[in-house]
Amino acid sequence: MKHGWMALVGLCLGSMAAVTIGCDGDSKLTVVTEEGAAAPHVNLPTVPTLPPPPPINHTDGSFTVYGVRHQATRDTNLWSKQQRVHGFIVSVYTARNPRGLPCTEADRCVEERPHIYISDNRTERDPAKMMMVTGYATFQHEIEAARSAARSGRQPTAAQLAQIAAGLVKPVPTDFDEGAEVVVTGNFTRRAANGQADSNGLLEYTSHTTTTPAPPPANAPRR
């Protein structure tokens, strides 16, 4: 019993001491502010100025590549509809045979469906800012035949013109060259009928106009 009382008294005295120390002890934080030349300086990098995005529309009313995709995130009615998109051809897919030449019908190449990429910037190299245009030909040899006919001045036959007028066939473009500025009309979709696809949206070709032809190749012969 005696030991129990002593333990209880010790516990009480210890608690009182702890409370006394907690109340009497003051914690103070001294802050020294340096000014003038002695003050520390932090060198932070300059905040970069990002260029503004391209406009939504060109002055002719057609969309930019950025514009049609940007608007489609807000208006789903733009999908699976005919849209006019103005841009520069920045890449052209050309199927080639083992000799490095454009594929002919006799080569029977294993190839992708013909397509080009357009962008709002003539020198664009970021794939995310490019838009595929496809559906204007099935094989490379069709493009080569159309180019050959254009060079020789051969005109479509009456039957071919009738098919084009009826919408049964599309005239194969002969001036889809890198560097050209074009306005392409086509179905804005994520997947074309020929299997080409892009989750950001591509154009399935209907027609086009060329506002500025591609510059001649650097090694083109002088006339």
# chains A, B, ... in the order shown; residues from 1 in each chain; ligands from 1
>>> residues_around(residues="region 204-220 of chain A", least_positions_apart="3", cutoff="8 Å", atoms="only C-alpha atoms", output="list in words")
Val133, Thr134, Gly135, Tyr136, Lys170, Asp175, Asp177, Glu178, Gly179, Ala180, Glu181, Val182, Val183, Val184, Thr185, Gly186, Asn187, Phe188, Thr189 and Ala192 of chain A
>>> write_last_selection(atoms="N, CA and C atoms", output="mmCIF file, in the first residue's frame")
data_model
loop_
_atom_site.group_PDB
_atom_site.id
_atom_site.type_symbol
_atom_site.label_atom_id
_atom_site.label_comp_id
_atom_site.auth_asym_id
_atom_site.auth_seq_id
_atom_site.Cartn_x
_atom_site.Cartn_y
_atom_site.Cartn_z
ATOM 1 N N VAL A 133 -4.888 12.959 -95.901
ATOM 2 C CA VAL A 133 -5.905 13.001 -96.952
ATOM 3 C C VAL A 133 -5.740 11.720 -97.753
ATOM 4 N N THR A 134 -6.801 10.951 -97.904
ATOM 5 C CA THR A 134 -6.715 9.671 -98.596
ATOM 6 C C THR A 134 -8.012 9.425 -99.359
ATOM 7 N N GLY A 135 -8.039 8.334 -100.130
ATOM 8 C CA GLY A 135 -9.253 7.989 -100.857
ATOM 9 C C GLY A 135 -9.329 8.540 -102.262
ATOM 10 N N TYR A 136 -8.242 9.140 -102.763
ATOM 11 C CA TYR A 136 -8.258 9.707 -104.118
ATOM 12 C C TYR A 136 -7.720 8.728 -105.158
ATOM 13 N N LYS A 170 -13.707 9.270 -109.139
ATOM 14 C CA LYS A 170 -13.120 10.571 -108.840
ATOM 15 C C LYS A 170 -11.908 10.784 -109.736
ATOM 16 N N ASP A 175 -1.429 16.829 -109.024
ATOM 17 C CA ASP A 175 -0.561 17.890 -108.499
ATOM 18 C C ASP A 175 -0.427 17.831 -106.978
ATOM 19 N N ASP A 177 1.845 17.424 -104.659
ATOM 20 C CA ASP A 177 3.289 17.413 -104.460
ATOM 21 C C ASP A 177 3.632 18.184 -103.192
ATOM 22 N N GLU A 178 4.697 17.768 -102.539
ATOM 23 C CA GLU A 178 5.107 18.414 -101.293
ATOM 24 C C GLU A 178 5.411 19.891 -101.526
ATOM 25 N N GLY A 179 4.833 20.734 -100.683
ATOM 26 C CA GLY A 179 5.027 22.175 -100.788
ATOM 27 C C GLY A 179 3.851 22.909 -101.388
ATOM 28 N N ALA A 180 2.929 22.181 -102.033
ATOM 29 C CA ALA A 180 1.762 22.831 -102.635
ATOM 30 C C ALA A 180 0.793 23.286 -101.547
ATOM 31 N N GLU A 181 0.099 24.381 -101.822
ATOM 32 C CA GLU A 181 -0.948 24.877 -100.925
ATOM 33 C C GLU A 181 -2.289 24.514 -101.547
ATOM 34 N N VAL A 182 -3.112 23.796 -100.798
ATOM 35 C CA VAL A 182 -4.344 23.247 -101.360
ATOM 36 C C VAL A 182 -5.524 23.484 -100.422
ATOM 37 N N VAL A 183 -6.714 23.443 -101.002
ATOM 38 C CA VAL A 183 -7.960 23.416 -100.236
ATOM 39 C C VAL A 183 -8.644 22.103 -100.598
ATOM 40 N N VAL A 184 -8.728 21.206 -99.626
ATOM 41 C CA VAL A 184 -9.264 19.866 -99.876
ATOM 42 C C VAL A 184 -10.671 19.763 -99.298
ATOM 43 N N THR A 185 -11.585 19.254 -100.100
ATOM 44 C CA THR A 185 -12.935 18.952 -99.632
ATOM 45 C C THR A 185 -13.050 17.445 -99.474
ATOM 46 N N GLY A 186 -13.555 17.018 -98.332
ATOM 47 C CA GLY A 186 -13.674 15.585 -98.107
ATOM 48 C C GLY A 186 -14.467 15.282 -96.855
ATOM 49 N N ASN A 187 -14.751 14.015 -96.682
ATOM 50 C CA ASN A 187 -15.480 13.551 -95.506
ATOM 51 C C ASN A 187 -14.537 13.545 -94.310
ATOM 52 N N PHE A 188 -14.881 14.311 -93.274
ATOM 53 C CA PHE A 188 -14.050 14.391 -92.073
ATOM 54 C C PHE A 188 -14.423 13.227 -91.160
ATOM 55 N N THR A 189 -13.498 12.293 -91.010
ATOM 56 C CA THR A 189 -13.801 11.063 -90.298
ATOM 57 C C THR A 189 -12.560 10.544 -89.588
ATOM 58 N N ALA A 192 -11.299 5.981 -92.847
ATOM 59 C CA ALA A 192 -11.748 6.042 -94.236
ATOM 60 C C ALA A 192 -12.194 4.662 -94.706
#
>>> closest_atom_pairs(of="region 151-207 of chain A", to="region 113-130 of chain A", cutoff="8 Å", atoms="only C-alpha atoms", output="tab-separated table")
residue	atom	partner	partner_atom	distance
A:Phe176	CA	A:Ile116	CA	7.6
A:Gly179	CA	A:Arg122	CA	6.5
A:Asn194	CA	A:Arg113	CA	7.1
A:Gln196	CA	A:Arg113	CA	7.5
>>> residues_around(residues="Pro171 (chain A)", least_positions_apart="6", cutoff="12 Å", atoms="only C-alpha atoms", output="PyMOL selection string")
chain A and resi 135-138+142-143+145-147+149-150+155-156+160-165+205-208
>>> write_last_selection(atoms="N, CA, C and O atoms", output="PDB file, in the first residue's frame")
ATOM      1  N   GLY A 135      -8.039   8.334-100.130  1.00  0.00           N
ATOM      2  CA  GLY A 135      -9.253   7.989-100.857  1.00  0.00           C
ATOM      3  C   GLY A 135      -9.329   8.540-102.262  1.00  0.00           C
ATOM      4  O   GLY A 135     -10.363   8.412-102.927  1.00  0.00           O
ATOM      5  N   TYR A 136      -8.242   9.140-102.763  1.00  0.00           N
ATOM      6  CA  TYR A 136      -8.258   9.707-104.118  1.00  0.00           C
ATOM      7  C   TYR A 136      -7.720   8.728-105.158  1.00  0.00           C
ATOM      8  O   TYR A 136      -7.784   9.003-106.360  1.00  0.00           O
ATOM      9  N   ALA A 137      -7.171   7.612-104.722  1.00  0.00           N
ATOM     10  CA  ALA A 137      -6.701   6.554-105.626  1.00  0.00           C
ATOM     11  C   ALA A 137      -6.576   5.282-104.803  1.00  0.00           C
ATOM     12  O   ALA A 137      -6.479   5.324-103.570  1.00  0.00           O
ATOM     13  N   THR A 138      -6.584   4.152-105.510  1.00  0.00           N
ATOM     14  CA  THR A 138      -6.457   2.868-104.821  1.00  0.00           C
ATOM     15  C   THR A 138      -5.028   2.359-104.854  1.00  0.00           C
ATOM     16  O   THR A 138      -4.548   1.766-103.888  1.00  0.00           O
ATOM     17  N   GLU A 142      -2.253   4.105-110.497  1.00  0.00           N
ATOM     18  CA  GLU A 142      -3.327   4.974-110.982  1.00  0.00           C
ATOM     19  C   GLU A 142      -2.865   6.433-111.005  1.00  0.00           C
ATOM     20  O   GLU A 142      -3.187   7.185-111.932  1.00  0.00           O
ATOM     21  N   ILE A 143      -2.113   6.812-109.990  1.00  0.00           N
ATOM     22  CA  ILE A 143      -1.588   8.182-109.935  1.00  0.00           C
ATOM     23  C   ILE A 143      -0.575   8.399-111.050  1.00  0.00           C
ATOM     24  O   ILE A 143      -0.580   9.434-111.731  1.00  0.00           O
ATOM     25  N   ALA A 145      -0.398   6.865-113.905  1.00  0.00           N
ATOM     26  CA  ALA A 145      -1.097   6.920-115.193  1.00  0.00           C
ATOM     27  C   ALA A 145      -1.756   8.279-115.390  1.00  0.00           C
ATOM     28  O   ALA A 145      -1.731   8.848-116.497  1.00  0.00           O
ATOM     29  N   ALA A 146      -2.346   8.829-114.323  1.00  0.00           N
ATOM     30  CA  ALA A 146      -2.984  10.143-114.421  1.00  0.00           C
ATOM     31  C   ALA A 146      -1.945  11.231-114.678  1.00  0.00           C
ATOM     32  O   ALA A 146      -2.177  12.152-115.475  1.00  0.00           O
ATOM     33  N   ARG A 147      -0.795  11.130-114.050  1.00  0.00           N
ATOM     34  CA  ARG A 147       0.274  12.115-114.275  1.00  0.00           C
ATOM     35  C   ARG A 147       0.784  12.031-115.715  1.00  0.00           C
ATOM     36  O   ARG A 147       1.050  13.053-116.356  1.00  0.00           O
ATOM     37  N   ALA A 149      -0.886  11.010-118.316  1.00  0.00           N
ATOM     38  CA  ALA A 149      -1.908  11.567-119.208  1.00  0.00           C
ATOM     39  C   ALA A 149      -1.898  13.089-119.162  1.00  0.00           C
ATOM     40  O   ALA A 149      -2.059  13.759-120.190  1.00  0.00           O
ATOM     41  N   ALA A 150      -1.680  13.653-117.972  1.00  0.00           N
ATOM     42  CA  ALA A 150      -1.649  15.112-117.851  1.00  0.00           C
ATOM     43  C   ALA A 150      -0.451  15.701-118.587  1.00  0.00           C
ATOM     44  O   ALA A 150      -0.561  16.745-119.242  1.00  0.00           O
ATOM     45  N   GLN A 155      -6.923  14.031-122.800  1.00  0.00           N
ATOM     46  CA  GLN A 155      -8.125  14.404-122.078  1.00  0.00           C
ATOM     47  C   GLN A 155      -8.949  13.160-121.753  1.00  0.00           C
ATOM     48  O   GLN A 155      -8.883  12.151-122.475  1.00  0.00           O
ATOM     49  N   PRO A 156      -9.722  13.197-120.668  1.00  0.00           N
ATOM     50  CA  PRO A 156     -10.595  12.050-120.360  1.00  0.00           C
ATOM     51  C   PRO A 156     -11.584  11.807-121.490  1.00  0.00           C
ATOM     52  O   PRO A 156     -12.014  12.739-122.183  1.00  0.00           O
ATOM     53  N   GLN A 160     -15.519   8.504-119.462  1.00  0.00           N
ATOM     54  CA  GLN A 160     -14.889   8.830-118.179  1.00  0.00           C
ATOM     55  C   GLN A 160     -15.479  10.105-117.591  1.00  0.00           C
ATOM     56  O   GLN A 160     -15.732  10.181-116.384  1.00  0.00           O
ATOM     57  N   LEU A 161     -15.712  11.104-118.434  1.00  0.00           N
ATOM     58  CA  LEU A 161     -16.309  12.351-117.957  1.00  0.00           C
ATOM     59  C   LEU A 161     -17.713  12.109-117.412  1.00  0.00           C
ATOM     60  O   LEU A 161     -18.119  12.718-116.409  1.00  0.00           O
ATOM     61  N   ALA A 162     -18.456  11.214-118.062  1.00  0.00           N
ATOM     62  CA  ALA A 162     -19.807  10.902-117.596  1.00  0.00           C
ATOM     63  C   ALA A 162     -19.766  10.219-116.230  1.00  0.00           C
ATOM     64  O   ALA A 162     -20.593  10.500-115.352  1.00  0.00           O
ATOM     65  N   GLN A 163     -18.794   9.328-116.043  1.00  0.00           N
ATOM     66  CA  GLN A 163     -18.657   8.654-114.746  1.00  0.00           C
ATOM     67  C   GLN A 163     -18.268   9.644-113.652  1.00  0.00           C
ATOM     68  O   GLN A 163     -18.764   9.563-112.523  1.00  0.00           O
ATOM     69  N   ILE A 164     -17.385  10.590-114.000  1.00  0.00           N
ATOM     70  CA  ILE A 164     -16.976  11.604-113.027  1.00  0.00           C
ATOM     71  C   ILE A 164     -18.163  12.488-112.660  1.00  0.00           C
ATOM     72  O   ILE A 164     -18.405  12.789-111.484  1.00  0.00           O
ATOM     73  N   ALA A 165     -18.928  12.906-113.670  1.00  0.00           N
ATOM     74  CA  ALA A 165     -20.083  13.770-113.424  1.00  0.00           C
ATOM     75  C   ALA A 165     -21.131  13.067-112.571  1.00  0.00           C
ATOM     76  O   ALA A 165     -21.814  13.699-111.755  1.00  0.00           O
ATOM     77  N   TYR A 205     -11.044  11.975 -99.403  1.00  0.00           N
ATOM     78  CA  TYR A 205     -11.037  12.918-100.526  1.00  0.00           C
ATOM     79  C   TYR A 205     -12.315  12.907-101.357  1.00  0.00           C
ATOM     80  O   TYR A 205     -12.841  11.856-101.707  1.00  0.00           O
ATOM     81  N   THR A 206     -12.772  14.134-101.671  1.00  0.00           N
ATOM     82  CA  THR A 206     -13.839  14.332-102.650  1.00  0.00           C
ATOM     83  C   THR A 206     -13.336  15.171-103.819  1.00  0.00           C
ATOM     84  O   THR A 206     -13.505  14.802-104.976  1.00  0.00           O
ATOM     85  N   SER A 207     -12.707  16.313-103.506  1.00  0.00           N
ATOM     86  CA  SER A 207     -12.167  17.188-104.548  1.00  0.00           C
ATOM     87  C   SER A 207     -11.156  18.130-103.910  1.00  0.00           C
ATOM     88  O   SER A 207     -10.994  18.153-102.687  1.00  0.00           O
ATOM     89  N   HIS A 208     -10.488  18.916-104.751  1.00  0.00           N
ATOM     90  CA  HIS A 208      -9.547  19.893-104.209  1.00  0.00           C
ATOM     91  C   HIS A 208      -9.293  20.993-105.225  1.00  0.00           C
ATOM     92  O   HIS A 208      -9.560  20.833-106.425  1.00  0.00           O
TER      93      HIS A 208
END
>>> closest_residue(among="A:Ser80, A:Thr73, A:Ser148, A:Thr30", to="Arg191 (chain A)", atoms="only C-alpha atoms")
A:Ser80
